[in-house]
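Q: Coordinates in model_9.cif, mmCIF, C-alpha atoms, are listed below.
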```cif
data_data
#
loop_
_atom_site.label_atom_id
_atom_site.label_comp_id
_atom_site.auth_asym_id
_atom_site.auth_seq_id
_atom_site.Cartn_x
_atom_site.Cartn_y
_atom_site.Cartn_z
CA MET A 158 38.38 -41.50 41.08
CA ILE A 159 37.10 -40.58 37.58
CA ALA A 160 37.32 -36.93 36.65
CA ALA A 161 34.61 -35.21 34.57
CA LEU A 162 35.40 -35.40 30.87
CA PRO A 163 35.75 -32.16 28.90
CA THR A 164 33.36 -31.30 26.03
CA GLY A 165 33.68 -29.67 22.58
CA PHE A 166 37.14 -29.00 21.18
CA ALA A 167 38.63 -29.37 24.63
CA ALA A 168 37.31 -32.95 24.63
CA MET A 169 38.78 -33.51 21.19
CA ARG A 170 42.15 -32.23 22.35
CA TYR A 171 41.98 -34.42 25.43
CA PHE A 172 41.13 -37.56 23.47
CA VAL A 173 43.65 -36.82 20.71
CA LEU A 174 46.47 -36.28 23.16
CA HIS A 175 45.59 -39.22 25.36
CA GLY A 176 44.53 -41.41 22.43
CA ILE A 177 47.96 -41.24 20.83
CA GLY A 178 49.61 -42.09 24.05
CA ILE A 179 50.92 -38.74 25.01
CA ARG A 180 50.74 -38.69 28.72
CA PRO A 181 53.18 -36.29 30.26
CA GLY A 182 54.33 -38.63 33.01
CA ARG A 183 54.71 -41.71 30.84
CA VAL A 184 56.61 -39.94 28.04
CA ARG A 185 59.47 -39.16 30.38
CA GLN A 186 59.62 -42.68 31.75
CA GLU A 187 59.31 -44.76 28.55
CA CYS A 188 61.08 -42.75 25.86
CA GLY A 189 64.47 -41.44 25.24
CA PRO A 190 65.24 -37.79 24.53
CA ARG A 191 64.96 -38.23 20.74
CA HIS A 192 61.52 -39.83 20.95
CA ARG A 193 60.42 -37.32 23.50
CA SER A 194 61.21 -34.44 21.17
CA ILE A 195 59.37 -36.15 18.28
CA LEU A 196 56.39 -36.82 20.52
CA GLN A 197 56.56 -33.27 21.87
CA GLU A 198 56.59 -31.90 18.29
CA ARG A 199 53.70 -34.15 17.41
CA LYS A 200 51.85 -33.01 20.52
CA ASP A 201 52.60 -29.36 19.73
CA THR A 202 51.40 -29.82 16.12
CA ILE A 203 48.19 -31.47 17.29
CA VAL A 204 47.59 -28.85 19.97
CA LYS A 205 48.25 -26.08 17.43
CA SER A 206 45.89 -27.72 14.91
CA VAL A 207 43.20 -28.09 17.56
CA GLN A 208 43.70 -24.47 18.64
CA ASP A 209 43.49 -23.32 14.99
CA ALA A 210 40.28 -25.33 14.57
CA GLU A 211 38.85 -23.74 17.74
CA ASP A 212 39.78 -20.29 16.43
CA ARG A 213 38.15 -21.02 13.07
CA LEU A 214 35.04 -22.30 14.87
CA ASP A 215 34.91 -19.16 17.01
CA GLU A 216 35.29 -17.01 13.89
CA ALA A 217 32.60 -19.02 12.07
CA ASN A 218 30.27 -18.70 15.07
CA ARG A 219 30.92 -14.95 15.18
CA ARG A 220 30.15 -14.63 11.44
CA LEU A 221 27.06 -16.82 11.86
CA SER A 222 25.84 -14.61 14.69
CA GLU A 223 26.44 -11.49 12.57
CA ALA A 224 24.65 -13.07 9.60
CA GLN A 225 21.69 -14.00 11.83
CA LYS A 226 21.51 -10.40 13.09
CA GLN A 227 21.59 -9.12 9.52
CA LEU A 228 18.91 -11.62 8.51
CA SER A 229 16.75 -10.49 11.42
CA GLN A 230 17.24 -6.86 10.38
CA ALA A 231 16.40 -7.76 6.79
CA HIS A 232 13.16 -9.41 7.95
CA VAL A 233 12.27 -6.24 9.87
CA VAL A 234 13.00 -4.09 6.80
CA ILE A 235 10.98 -6.41 4.55
CA SER A 236 8.08 -6.28 7.00
CA GLU A 237 8.22 -2.48 7.06
CA ILE A 238 8.34 -2.34 3.26
CA ARG A 239 5.33 -4.66 3.03
CA ASN A 240 3.39 -2.51 5.51
CA GLU A 241 4.33 0.67 3.66
CA THR A 242 3.37 -0.93 0.36
CA ARG A 243 -0.02 -1.96 1.72
CA SER A 244 -0.55 1.53 3.11
CA ALA A 245 0.46 3.17 -0.17
CA LYS A 246 -1.76 0.79 -2.13
CA THR A 247 -4.71 1.56 0.16
CA ASN A 248 -4.09 5.29 -0.17
CA LEU A 249 -3.88 5.04 -3.96
CA LEU A 250 -7.13 3.08 -4.10
CA LYS A 251 -8.84 5.62 -1.84
CA SER A 252 -7.47 8.46 -3.96
CA ASP A 253 -8.68 6.79 -7.16
CA ALA A 254 -12.09 6.22 -5.59
CA ASN A 255 -12.31 9.88 -4.54
CA VAL A 256 -11.34 11.06 -8.04
CA ALA A 257 -13.95 8.77 -9.60
CA LYS A 258 -16.56 9.96 -7.11
CA LYS A 259 -15.80 13.62 -7.90
CA GLU A 260 -16.03 12.91 -11.63
CA LEU A 261 -19.40 11.20 -11.15
CA VAL A 262 -20.69 14.10 -9.07
CA THR A 263 -19.54 16.54 -11.75
CA ARG A 264 -21.18 14.52 -14.53
CA PHE A 265 -24.37 14.14 -12.52
CA ASN A 266 -24.50 17.89 -11.81
CA ARG A 267 -23.95 18.65 -15.50
CA ALA A 268 -26.74 16.24 -16.44
CA ILE A 269 -29.08 17.87 -13.91
CA ALA A 270 -28.18 21.34 -15.24
CA ALA A 271 -28.82 20.21 -18.82
CA PHE A 272 -32.13 18.65 -17.80
CA ARG A 273 -33.22 21.80 -15.97
CA SER A 274 -32.20 23.95 -18.91
CA LYS A 275 -34.23 21.80 -21.33
CA GLU A 276 -37.11 21.81 -18.85
CA ARG A 277 -37.00 25.61 -18.72
CA VAL A 278 -36.89 25.86 -22.54
CA ILE A 279 -39.86 23.50 -22.87
CA PHE A 280 -41.77 25.43 -20.21
CA LEU A 281 -41.16 28.71 -22.05
CA GLU A 282 -42.25 27.17 -25.37
CA VAL A 283 -45.45 25.81 -23.82
CA LYS A 284 -46.12 29.17 -22.19
CA GLN A 285 -45.59 30.93 -25.51
CA GLN A 286 -47.98 28.53 -27.26
CA ILE A 287 -50.62 29.05 -24.56
CA ILE A 288 -50.33 32.81 -24.90
CA SER A 289 -50.58 32.54 -28.67
CA LEU A 290 -53.68 30.32 -28.42
CA VAL A 291 -55.33 32.64 -25.90
CA LEU A 292 -54.62 35.66 -28.08
CA ASN A 293 -55.97 33.94 -31.19
CA ARG A 294 -59.08 32.81 -29.33
CA SER A 295 -59.59 36.23 -27.84
CA ALA A 296 -59.24 37.80 -31.28
CA SER A 297 -61.75 35.34 -32.73
CA GLN A 298 -64.26 36.00 -29.92
CA ALA A 299 -63.80 39.72 -30.27
CA LYS A 300 -64.51 39.58 -33.98
CA GLU A 301 -67.61 37.57 -33.38
CA THR A 302 -68.81 39.74 -30.54
CA PHE A 303 -67.83 43.12 -31.91
CA GLY A 304 -67.99 43.79 -35.52
CA SER A 305 -65.98 46.95 -35.29
CA LYS A 306 -62.26 46.86 -35.51
CA LYS A 307 -61.75 49.64 -33.02
CA ARG A 308 -63.55 47.89 -30.18
CA ALA A 309 -61.82 44.61 -31.04
CA ARG A 310 -58.40 46.23 -30.83
CA ALA A 311 -59.13 47.71 -27.44
CA LEU A 312 -60.33 44.35 -26.12
CA ILE A 313 -57.26 42.56 -27.53
CA ASN A 314 -54.89 45.09 -26.01
CA GLU A 315 -56.63 44.81 -22.65
CA THR A 316 -56.42 40.99 -22.76
CA ILE A 317 -52.76 41.07 -23.72
CA GLN A 318 -51.92 43.34 -20.81
CA LYS A 319 -53.87 41.15 -18.44
CA LEU A 320 -52.17 37.98 -19.67
CA GLU A 321 -48.71 39.50 -19.51
CA GLY A 322 -49.30 40.43 -15.90
CA ASP A 323 -50.59 36.94 -15.00
CA LEU A 324 -47.97 34.89 -16.83
CA LEU A 325 -44.88 36.91 -16.16
#
```
So, in terms of structure tokens, how does the structure I just supplied come out?

A:
Amino acid sequence: MIAALPTGFAAMRYFVLHGIGIRPGRVRQECGPRHRSILQERKDTIVKSVQDAEDRLDEANRRLSEAQKQLSQAHVVISEIRNETRSAKTNLLKSDANVAKKELVTRFNRAIAAFRSKERVIFLEVKQQIISLVLNRSASQAKETFGSKKRARALINETIQKLEGDLL
């Protein structure tokens, strides 16, 4: 009957021990005490070396597992940093856009105020010119119509009062 063969380092130990001819039953039958002790030392050295190799493998696997955990955590941290960076960048762009928008609104409002101020000044100048023309025309008509200065003054004063009431 064939037994199942071991795997991994256990398989290596099995094949090393059986490959060099160390079989517990046969050693006692074929060798003398001196050879048995040499073979036993050799077996012990091999077993110890295999055990040391298994221990180093276990330690390496443990360190690999820890390194993989740290790598996974680093990926999570990097992902969070990227997301935070994108969010901060978006917020900065929005903030810059809002500042620019406020500046444009302020400039536009100043331009409108300046335009309205100029418009008001021009309106007042035109109004003043109209009043001046009306007064000059009224004075000319009064001189033509009335030869006397007294009657002309009264008519001019009456017209001025009437115009001031209408225009203001």

Q: Please, what distance in Å, to one decimal, runs between CA of Gln225 (chain A) and CA of Glu237 (chain A)?

A: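 Distance reported for this atom pair: 18.4 Å.
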
Q: Measuring atom to atom with only C-alpha atoms, identify which of A:Ile288, A:Val262, A:Lys300, A:Lys275 is nearest to Gly322 (chain A).

A: A:Ile288

Q: If I take CA of Asn314 (chain A) and CA of Thr302 (chain A), how far is one from the other in Å, to one decimal?

A: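 If I compute the distance from CA of Asn314 (chain A) to CA of Thr302 (chain A), I get 15.6 Å.
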
Q: How many Å lie between CA of Phe280 (chain A) and CA of Ala268 (chain A), rounded to one decimal?

A: 18.0 Å

Q: Can I get region 258-278 of chain A with N, CA and C atoms filled in, as a PDB file, keeping the file's coordinate frame?

A:
```pdb
ATOM      1  N   LYS A 258     -15.342   9.427  -7.741  1.00  0.00           N
ATOM      2  CA  LYS A 258     -16.560   9.960  -7.110  1.00  0.00           C
ATOM      3  C   LYS A 258     -16.766  11.422  -7.519  1.00  0.00           C
ATOM      4  N   LYS A 259     -15.682  12.208  -7.508  1.00  0.00           N
ATOM      5  CA  LYS A 259     -15.800  13.620  -7.900  1.00  0.00           C
ATOM      6  C   LYS A 259     -16.216  13.740  -9.364  1.00  0.00           C
ATOM      7  N   GLU A 260     -15.650  12.884 -10.216  1.00  0.00           N
ATOM      8  CA  GLU A 260     -16.030  12.910 -11.630  1.00  0.00           C
ATOM      9  C   GLU A 260     -17.503  12.570 -11.800  1.00  0.00           C
ATOM     10  N   LEU A 261     -17.977  11.567 -11.061  1.00  0.00           N
ATOM     11  CA  LEU A 261     -19.400  11.200 -11.150  1.00  0.00           C
ATOM     12  C   LEU A 261     -20.294  12.330 -10.674  1.00  0.00           C
ATOM     13  N   VAL A 262     -19.892  12.982  -9.586  1.00  0.00           N
ATOM     14  CA  VAL A 262     -20.690  14.100  -9.070  1.00  0.00           C
ATOM     15  C   VAL A 262     -20.739  15.218 -10.111  1.00  0.00           C
ATOM     16  N   THR A 263     -19.583  15.494 -10.728  1.00  0.00           N
ATOM     17  CA  THR A 263     -19.540  16.540 -11.750  1.00  0.00           C
ATOM     18  C   THR A 263     -20.429  16.184 -12.940  1.00  0.00           C
ATOM     19  N   ARG A 264     -20.346  14.946 -13.404  1.00  0.00           N
ATOM     20  CA  ARG A 264     -21.180  14.520 -14.530  1.00  0.00           C
ATOM     21  C   ARG A 264     -22.662  14.568 -14.170  1.00  0.00           C
ATOM     22  N   PHE A 265     -22.976  14.131 -12.959  1.00  0.00           N
ATOM     23  CA  PHE A 265     -24.370  14.140 -12.520  1.00  0.00           C
ATOM     24  C   PHE A 265     -24.888  15.577 -12.449  1.00  0.00           C
ATOM     25  N   ASN A 266     -24.085  16.478 -11.896  1.00  0.00           N
ATOM     26  CA  ASN A 266     -24.500  17.890 -11.810  1.00  0.00           C
ATOM     27  C   ASN A 266     -24.683  18.503 -13.188  1.00  0.00           C
ATOM     28  N   ARG A 267     -23.802  18.142 -14.136  1.00  0.00           N
ATOM     29  CA  ARG A 267     -23.950  18.650 -15.500  1.00  0.00           C
ATOM     30  C   ARG A 267     -25.237  18.116 -16.130  1.00  0.00           C
ATOM     31  N   ALA A 268     -25.520  16.837 -15.892  1.00  0.00           N
ATOM     32  CA  ALA A 268     -26.740  16.240 -16.440  1.00  0.00           C
ATOM     33  C   ALA A 268     -27.980  16.918 -15.851  1.00  0.00           C
ATOM     34  N   ILE A 269     -27.948  17.182 -14.557  1.00  0.00           N
ATOM     35  CA  ILE A 269     -29.080  17.870 -13.910  1.00  0.00           C
ATOM     36  C   ILE A 269     -29.247  19.281 -14.490  1.00  0.00           C
ATOM     37  N   ALA A 270     -28.113  19.989 -14.681  1.00  0.00           N
ATOM     38  CA  ALA A 270     -28.180  21.340 -15.240  1.00  0.00           C
ATOM     39  C   ALA A 270     -28.740  21.303 -16.665  1.00  0.00           C
ATOM     40  N   ALA A 271     -28.292  20.330 -17.451  1.00  0.00           N
ATOM     41  CA  ALA A 271     -28.820  20.210 -18.820  1.00  0.00           C
ATOM     42  C   ALA A 271     -30.311  19.899 -18.806  1.00  0.00           C
ATOM     43  N   PHE A 272     -30.708  19.004 -17.910  1.00  0.00           N
ATOM     44  CA  PHE A 272     -32.130  18.650 -17.800  1.00  0.00           C
ATOM     45  C   PHE A 272     -32.957  19.861 -17.400  1.00  0.00           C
ATOM     46  N   ARG A 273     -32.485  20.617 -16.425  1.00  0.00           N
ATOM     47  CA  ARG A 273     -33.220  21.800 -15.970  1.00  0.00           C
ATOM     48  C   ARG A 273     -33.297  22.864 -17.070  1.00  0.00           C
ATOM     49  N   SER A 274     -32.207  22.987 -17.815  1.00  0.00           N
ATOM     50  CA  SER A 274     -32.200  23.950 -18.910  1.00  0.00           C
ATOM     51  C   SER A 274     -33.230  23.559 -19.971  1.00  0.00           C
ATOM     52  N   LYS A 275     -33.240  22.279 -20.345  1.00  0.00           N
ATOM     53  CA  LYS A 275     -34.230  21.800 -21.330  1.00  0.00           C
ATOM     54  C   LYS A 275     -35.640  21.968 -20.772  1.00  0.00           C
ATOM     55  N   GLU A 276     -35.797  21.672 -19.489  1.00  0.00           N
ATOM     56  CA  GLU A 276     -37.110  21.810 -18.850  1.00  0.00           C
ATOM     57  C   GLU A 276     -37.572  23.268 -18.926  1.00  0.00           C
ATOM     58  N   ARG A 277     -36.664  24.175 -18.686  1.00  0.00           N
ATOM     59  CA  ARG A 277     -37.000  25.610 -18.720  1.00  0.00           C
ATOM     60  C   ARG A 277     -37.377  26.026 -20.148  1.00  0.00           C
ATOM     61  N   VAL A 278     -36.595  25.531 -21.142  1.00  0.00           N
ATOM     62  CA  VAL A 278     -36.890  25.860 -22.540  1.00  0.00           C
ATOM     63  C   VAL A 278     -38.273  25.333 -22.925  1.00  0.00           C
TER      64      VAL A 278
END
```
